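Single-structure report; data block below.
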Amino acid sequence: MQYITPTRKIDKKLHGSKKKIKEKISQLRKELSKYNYQYYNFDTSDISDFHFDKKLEELFFLEKKYPEFYDPTSPTIKIGAEIHEPSTVFYHKYKMYSLQKTYSKKELIIWKKKISKSIHTFSFVCELKYDGVSINLIYKNGFLTNAGTRGNGEKGEDVTENIKTIKHVPLKLRGNNYPAYLEIRGEVFLTTKNFIEINKKRIKSGKTPYANPRNTASGTLKIQDRKKVRQRNLFCIAFHVVGKNLPFDTQYESLKHIKNWGFQIPETARFCKNMEEVFHFIDFWNLWKDKLPYQIDGIVIKVNEYQKQSLLGFTNKYPRWAIAYKFRQKLSETKLLSLTFQVGRTGIVTPVANVVPILISGTIIKRVALYNDSFIQKMGIYHGDTLLLEKGGNIIPKVTRINIKKRSSQAFPVFFLKKCPSCNSVLTKNNELFYCTNQNCFSQRIEKIRHFVSVKAMNIQKIGNEMIKKLYKKGFLYSFYNLYELKKEELLQIDGVKEKLADSIINNIKKSKENPFSRVLYALGIRHVGEDISKKLTKQFLDINSLMHANYDHLISISGIGKKITESIITYFSIYENRHAVQMLIKYGLHFSKCSKKLSSLEGKSFVFTGKLSCMTRHKAQNMVENLGGKVYNTVNNQINFIVIGKNFGSKFKKSMKKNHVQILTENLFLDMLKKAKKEK
């Protein structure tokens with residue numbers, strides 16, 4: 001594993017017992033995995049590239065110093081994130097790597113010194129780092145046969161048909177000076193002008209504008225309608241070749257060949273003899289990057305000679321012969337108008353800054369999260385301050401600094417509320433957070449019901465935030481168990497609710513009773529008890545009563561259940577209203593026991609899916625299997641009983657053929673099995 005050595009501050013900061021070190025490593029892995037999942041699967045991020053990279057740097061340093069805490073799934077080793085529910089999986093013949101990153105010229109010098117120990121007399125090629133989607137294009141005998149996104153480096157999403165709509169990607173290579181098999185790597189993105197035009201049309205038609213060009217390009221590649229993809233006018237730059245018997249020996253030479261084959265290449269790429277020339281290139285584009293017709297977020301520096309690249313090789317995640325120098329995002333200035341304090345379902349009060357609207361990376365920012373009182377005090381925010389903002393991951397706005405020079409002499413500091421903005425109860429401070437502990441707080445009740453009906457919890461559709469508020473104000477909905485008492489005539493009293501919608505809501509509420517014990521437990525909204533912990537708990541406890549009466553020692557002895565979760569569970573069930581809500585939900589037929597429903601033929605059976613199902617999403621199929629007592633794995637292993645084969649299935653099918661115990665199911669056979677299992681209930 002190669003990465004830039006962090007400063008000694010990290011070492012001093014984390015000096016302490018092995019237990020604390022292990023907890024810190026675990027915390028960093030969890031945070032970084034979450035950010036990766038958001039970024040690669042939902043095209044969103046709530047952390048800036050700079051802060052993400054610094055956390056990754058800190059984790060790498062700790063893992064290197066404490067190898068006993070090695071984990072092959074660590075974000076320092078894994079590339080990107082797992083692909084969830086792709087239309088078709090694309091398996092890379094040659095792995096697609098990420099790039100190690102730095103924001104410091106000093107660290108570039110350290111990188112150069114490090115590689116100089118293994119190779120001598122080498123040159124560099126500098127290229128712009130395009131802010132788009134990494135793509136892999138497969139050419140066989142000169143013809144484009146497949147195209148896939150990077151994904152986790154080993155597999156991505158097959159986007160061949162959509163890539164064919166990009167005019168800068170040749171369907172057949174020009175000339176004949178190329179090997180029979182060739183992989184062209186590049187970046188797909190939108191020009192700034194194109195992105196603005198797309199958003200103008202969306203705003204004109206009453207739709208929400210897209211956040212930024214990178215996410216819009218990523219989303220466009222997933223659109224099923226090729227006509228719409230073509231209209232978006234995506235752009236592609238090619239800059240890397242993978243294959244055997246290549247007709248060139250350097251990266252700089254390769255660009256000329258890529259261009260002759262019919263691709264757009266990084267015309268701004270520069271051959272550099274030494275690090276001084278590299279720095280000149282960085283300084284120039286740091287000054288002129290905003291004049292480009294597209295977004296870049298840094299410069300990629302590569303060892304030019306292929307032979308030297310081969311000697312340096314790769315880590316699990318990065319090529320040792322390349323590095324990305326990232327530009328710090330330009331800060332945007334705006335003024336603090338007022339503060340709003342929001343109350344969550346667990347009573348946490350979160351401050352939000354209302355600011356003078358400002359355009360940042362294609363979106364107008366009006367509100368910025370301030371996280372907690374500690375953040376406000378650390379930043380030293382005063383009423384009416386001039387705030388300097390940046391977008392985390394170019395998406396989520398964050399306060400980075402305060403322009404104190406513009407602060408009024410009459411300004412006074414922001415202090416956290418003493419009382420709940422919703423119910424006026426006195427707030428309680430715990431660690432860095434302020435809580436409203438009033439169980440009857442209006443905002444908390446609304447948020448608890450919102451969580452209960454959410455997709456990952458009970459998945460009761462057609463009941464959104466506004467509907468919940470209206471039902472609450474009418475007196476029809478006070479606690480989430482009241483959902484199962486709702487009558488059609490009550491729903492019809494709500495503005496905008498007609499017969500059809502009322503029937504649909506009642507039907508969705510009834511349908512939610514089929515959810516298994518783990519999802520019902522998650523829906524209760526116990527603090528720190530997420531989906532995974534809910535599943536873990538329902539494996540350990542046969543029913544809700546045994547969990548409600550579990551003592552501290554029993555709970556904390558369960559792997560993955562720490563002090564914080566244990567105390568939260570005990571506190572939750574110590575409150576009468578929560579126990580009463582559970583009893584009411586049991587009364588209305590929800591599953592609070594492994595044995596609360598008749599066992600189906602799928603009980604205890606394990607499935608894996610490959611390919612695309614025509615009648616439902618992979619996520620829906622997984623929910624149906626789990627609701628009937630089965631389990632779904634992402635990979636073929638010795639626990640699998642069935643593999644369900646969909647359209648354009650992948651290598652899982654081949655792997656399953658080698659395992660005699662795995663039964664192969666077509667989609668129709670799978671559906672018949674589901675119908676039979678439902679009848680058995």
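Naming works like this for the structure tokens: A, B, ... for the chains as they're shown, residue 1 at the start of each chain, ligands 1 onward in shown order.
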Spatial neighbours of Cys441 of chain A, 10 Å, only C-alpha atoms, chain gap at least 2 places, as a ChimeraX atom specification:
/A:343,345,347,420-425,436-439,443-446
Would you return as a PyMOL selection string the members of segment 321-555 of chain A that DSSP assigns to strand (DSSP E or B) on this structure's backbone?
chain A and resi 322-326+332-343+348-360+363-369+382+386-392+396-402+413+419+426-430+433-436+543
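Between atom CA of Phe649 of chain A and atom CA of Arg618 of chain A there is a distance of 12.8 Å.
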Segment 671-678 of chain A: which residues within 9 Å, counting only C-alpha atoms, same-chain residues fewer than 5 positions away excluded, as a ChimeraX atom specification?
/A:599-603,624-625,628,666
Output C-alpha atoms of each residue in that selection to a file, as a PDB file, in the first residue's frame.
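Now in part-v3.pdb:
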```pdb
ATOM      1  CA  LEU A 599     -42.894 -21.029   8.464  1.00  0.00           C
ATOM      2  CA  SER A 600     -42.749 -21.053   4.662  1.00  0.00           C
ATOM      3  CA  SER A 601     -40.770 -23.384   2.416  1.00  0.00           C
ATOM      4  CA  LEU A 602     -38.201 -20.570   2.008  1.00  0.00           C
ATOM      5  CA  GLU A 603     -37.466 -20.440   5.745  1.00  0.00           C
ATOM      6  CA  MET A 624     -39.678 -10.716  -0.576  1.00  0.00           C
ATOM      7  CA  VAL A 625     -37.234 -13.546   0.137  1.00  0.00           C
ATOM      8  CA  LEU A 628     -40.606 -15.294   3.771  1.00  0.00           C
ATOM      9  CA  THR A 666     -35.136 -19.178 -13.914  1.00  0.00           C
TER      10      THR A 666
END
```
Neighbour list for segment 181-183 of chain A as number ranges by chain, cut-off 8 Å, only C-alpha atoms, skip fewer than 5 positions in-chain
A: 136-142, 241-244
With a distance cut-off of 10 Å and only C-alpha atoms, select the neighbouring residues of Tyr371 of chain A, excluding the residue or stretch itself and same-chain residues fewer than 3 positions from it, and output the selection as an MDAnalysis selection string.
chainID A and resid 349:353 368 374:376 398 432:433
Show which residues sit within 9 Å of Ile166 of chain A, as a ChimeraX atom specification. Count only C-alpha atoms, and ignore same-chain residues fewer than 2 positions away.
/A:162-164,168-170,229-230,233-236
Looking at only C-alpha atoms, which of A:Gly153, A:Gly384, A:Pro247, A:Gly262 is the one that sits closest to Phe412 of chain A?
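Distance minimum relative to Phe412 of chain A lands on A:Gly384.
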Alpha helix (DSSP H) call set, DSSP backbone run, segment 470-571 of chain A, as a PyMOL selection string:
chain A and resi 470-473+488-491+499-511+517-523+531-540+544-548+552-556+563-571
Next, the residues of the selection above should be written as a PDB file, in the first residue's frame with C-alpha atoms.
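Below is the file out_4.pdb, written as the result:
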```pdb
ATOM      1  CA  LYS A 470     -52.101  16.820   8.506  1.00  0.00           C
ATOM      2  CA  LEU A 471     -53.156  13.553  10.159  1.00  0.00           C
ATOM      3  CA  TYR A 472     -51.391  14.600  13.376  1.00  0.00           C
ATOM      4  CA  LYS A 473     -53.091  18.007  13.465  1.00  0.00           C
ATOM      5  CA  LYS A 488     -60.865   5.457   5.274  1.00  0.00           C
ATOM      6  CA  GLU A 489     -63.411   8.080   6.362  1.00  0.00           C
ATOM      7  CA  GLU A 490     -60.713   9.765   8.464  1.00  0.00           C
ATOM      8  CA  LEU A 491     -58.318   9.923   5.520  1.00  0.00           C
ATOM      9  CA  GLU A 499     -61.257   7.730  -2.608  1.00  0.00           C
ATOM     10  CA  LYS A 500     -58.478   6.172  -4.687  1.00  0.00           C
ATOM     11  CA  LEU A 501     -55.643   7.575  -2.558  1.00  0.00           C
ATOM     12  CA  ALA A 502     -57.410   6.664   0.705  1.00  0.00           C
ATOM     13  CA  ASP A 503     -57.864   3.047  -0.482  1.00  0.00           C
ATOM     14  CA  SER A 504     -54.224   2.892  -1.546  1.00  0.00           C
ATOM     15  CA  ILE A 505     -52.976   4.162   1.847  1.00  0.00           C
ATOM     16  CA  ILE A 506     -55.142   1.682   3.789  1.00  0.00           C
ATOM     17  CA  ASN A 507     -53.921  -1.145   1.558  1.00  0.00           C
ATOM     18  CA  ASN A 508     -50.251  -0.126   1.999  1.00  0.00           C
ATOM     19  CA  ILE A 509     -50.661  -0.038   5.785  1.00  0.00           C
ATOM     20  CA  LYS A 510     -52.137  -3.569   5.766  1.00  0.00           C
ATOM     21  CA  LYS A 511     -49.350  -4.770   3.476  1.00  0.00           C
ATOM     22  CA  PHE A 517     -39.153  -8.928  12.890  1.00  0.00           C
ATOM     23  CA  SER A 518     -35.854  -7.188  11.960  1.00  0.00           C
ATOM     24  CA  ARG A 519     -37.533  -4.462   9.901  1.00  0.00           C
ATOM     25  CA  VAL A 520     -40.207  -3.827  12.519  1.00  0.00           C
ATOM     26  CA  LEU A 521     -37.476  -3.506  15.159  1.00  0.00           C
ATOM     27  CA  TYR A 522     -35.588  -1.026  12.949  1.00  0.00           C
ATOM     28  CA  ALA A 523     -38.823   0.921  12.376  1.00  0.00           C
ATOM     29  CA  GLU A 531     -30.668  -2.034   9.849  1.00  0.00           C
ATOM     30  CA  ASP A 532     -27.624  -4.228  10.491  1.00  0.00           C
ATOM     31  CA  ILE A 533     -27.922  -4.057  14.292  1.00  0.00           C
ATOM     32  CA  SER A 534     -31.653  -4.866  14.025  1.00  0.00           C
ATOM     33  CA  LYS A 535     -30.845  -8.018  12.033  1.00  0.00           C
ATOM     34  CA  LYS A 536     -28.133  -8.955  14.532  1.00  0.00           C
ATOM     35  CA  LEU A 537     -30.537  -8.540  17.476  1.00  0.00           C
ATOM     36  CA  THR A 538     -33.321 -10.574  15.878  1.00  0.00           C
ATOM     37  CA  LYS A 539     -30.873 -13.432  15.372  1.00  0.00           C
ATOM     38  CA  GLN A 540     -29.986 -13.376  19.079  1.00  0.00           C
ATOM     39  CA  ILE A 544     -39.368  -8.723  21.338  1.00  0.00           C
ATOM     40  CA  ASN A 545     -40.126  -9.653  24.958  1.00  0.00           C
ATOM     41  CA  SER A 546     -36.779 -11.384  25.400  1.00  0.00           C
ATOM     42  CA  LEU A 547     -35.056  -8.305  23.953  1.00  0.00           C
ATOM     43  CA  MET A 548     -37.057  -5.907  26.130  1.00  0.00           C
ATOM     44  CA  TYR A 552     -26.742  -5.119  30.182  1.00  0.00           C
ATOM     45  CA  ASP A 553     -24.296  -8.048  30.367  1.00  0.00           C
ATOM     46  CA  HIS A 554     -26.282 -10.110  27.873  1.00  0.00           C
ATOM     47  CA  LEU A 555     -26.546  -7.293  25.334  1.00  0.00           C
ATOM     48  CA  ILE A 556     -22.931  -6.144  25.505  1.00  0.00           C
ATOM     49  CA  LYS A 563     -21.785   0.163  25.328  1.00  0.00           C
ATOM     50  CA  LYS A 564     -23.541   2.932  23.418  1.00  0.00           C
ATOM     51  CA  ILE A 565     -26.021   0.598  21.682  1.00  0.00           C
ATOM     52  CA  THR A 566     -26.604  -1.447  24.845  1.00  0.00           C
ATOM     53  CA  GLU A 567     -27.456   1.629  26.920  1.00  0.00           C
ATOM     54  CA  SER A 568     -29.690   2.984  24.155  1.00  0.00           C
ATOM     55  CA  ILE A 569     -31.725  -0.279  23.972  1.00  0.00           C
ATOM     56  CA  ILE A 570     -32.145  -0.463  27.743  1.00  0.00           C
ATOM     57  CA  THR A 571     -33.158   3.218  27.937  1.00  0.00           C
TER      58      THR A 571
END
```
Polymer residues at most 7 Å from Gln663 of chain A, only C-alpha atoms, same-chain spacing of 6 or more positions, as a PDB file with C-alpha atoms, in the first residue's frame:
```
ATOM      1  CA  ASN A 641     -29.237 -23.078  -1.897  1.00  0.00           C
ATOM      2  CA  PHE A 642     -30.535 -21.320  -5.034  1.00  0.00           C
ATOM      3  CA  ILE A 643     -29.217 -19.023  -7.756  1.00  0.00           C
TER       4      ILE A 643
END
```
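Interatomic distance, atom CA of Gln231 of chain A against atom CA of Thr165 of chain A: 9.0 Å.
In terms of minimum interatomic distance to Gly380 of chain A, A:Val414 ranks closest within A:Val414, A:Leu144, A:Ile115, A:Val399, counting only C-alpha atoms.
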Looking at A:Asn245, A:Thr191, A:Ser26, A:Asn648, which one is nearest to Pro179 of chain A, with distances taken over only C-alpha atoms?
A:Asn245
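Taking atom CA of Asn515 of chain A and atom CA of Thr88 of chain A as the two end points, the separation is 28.6 Å.
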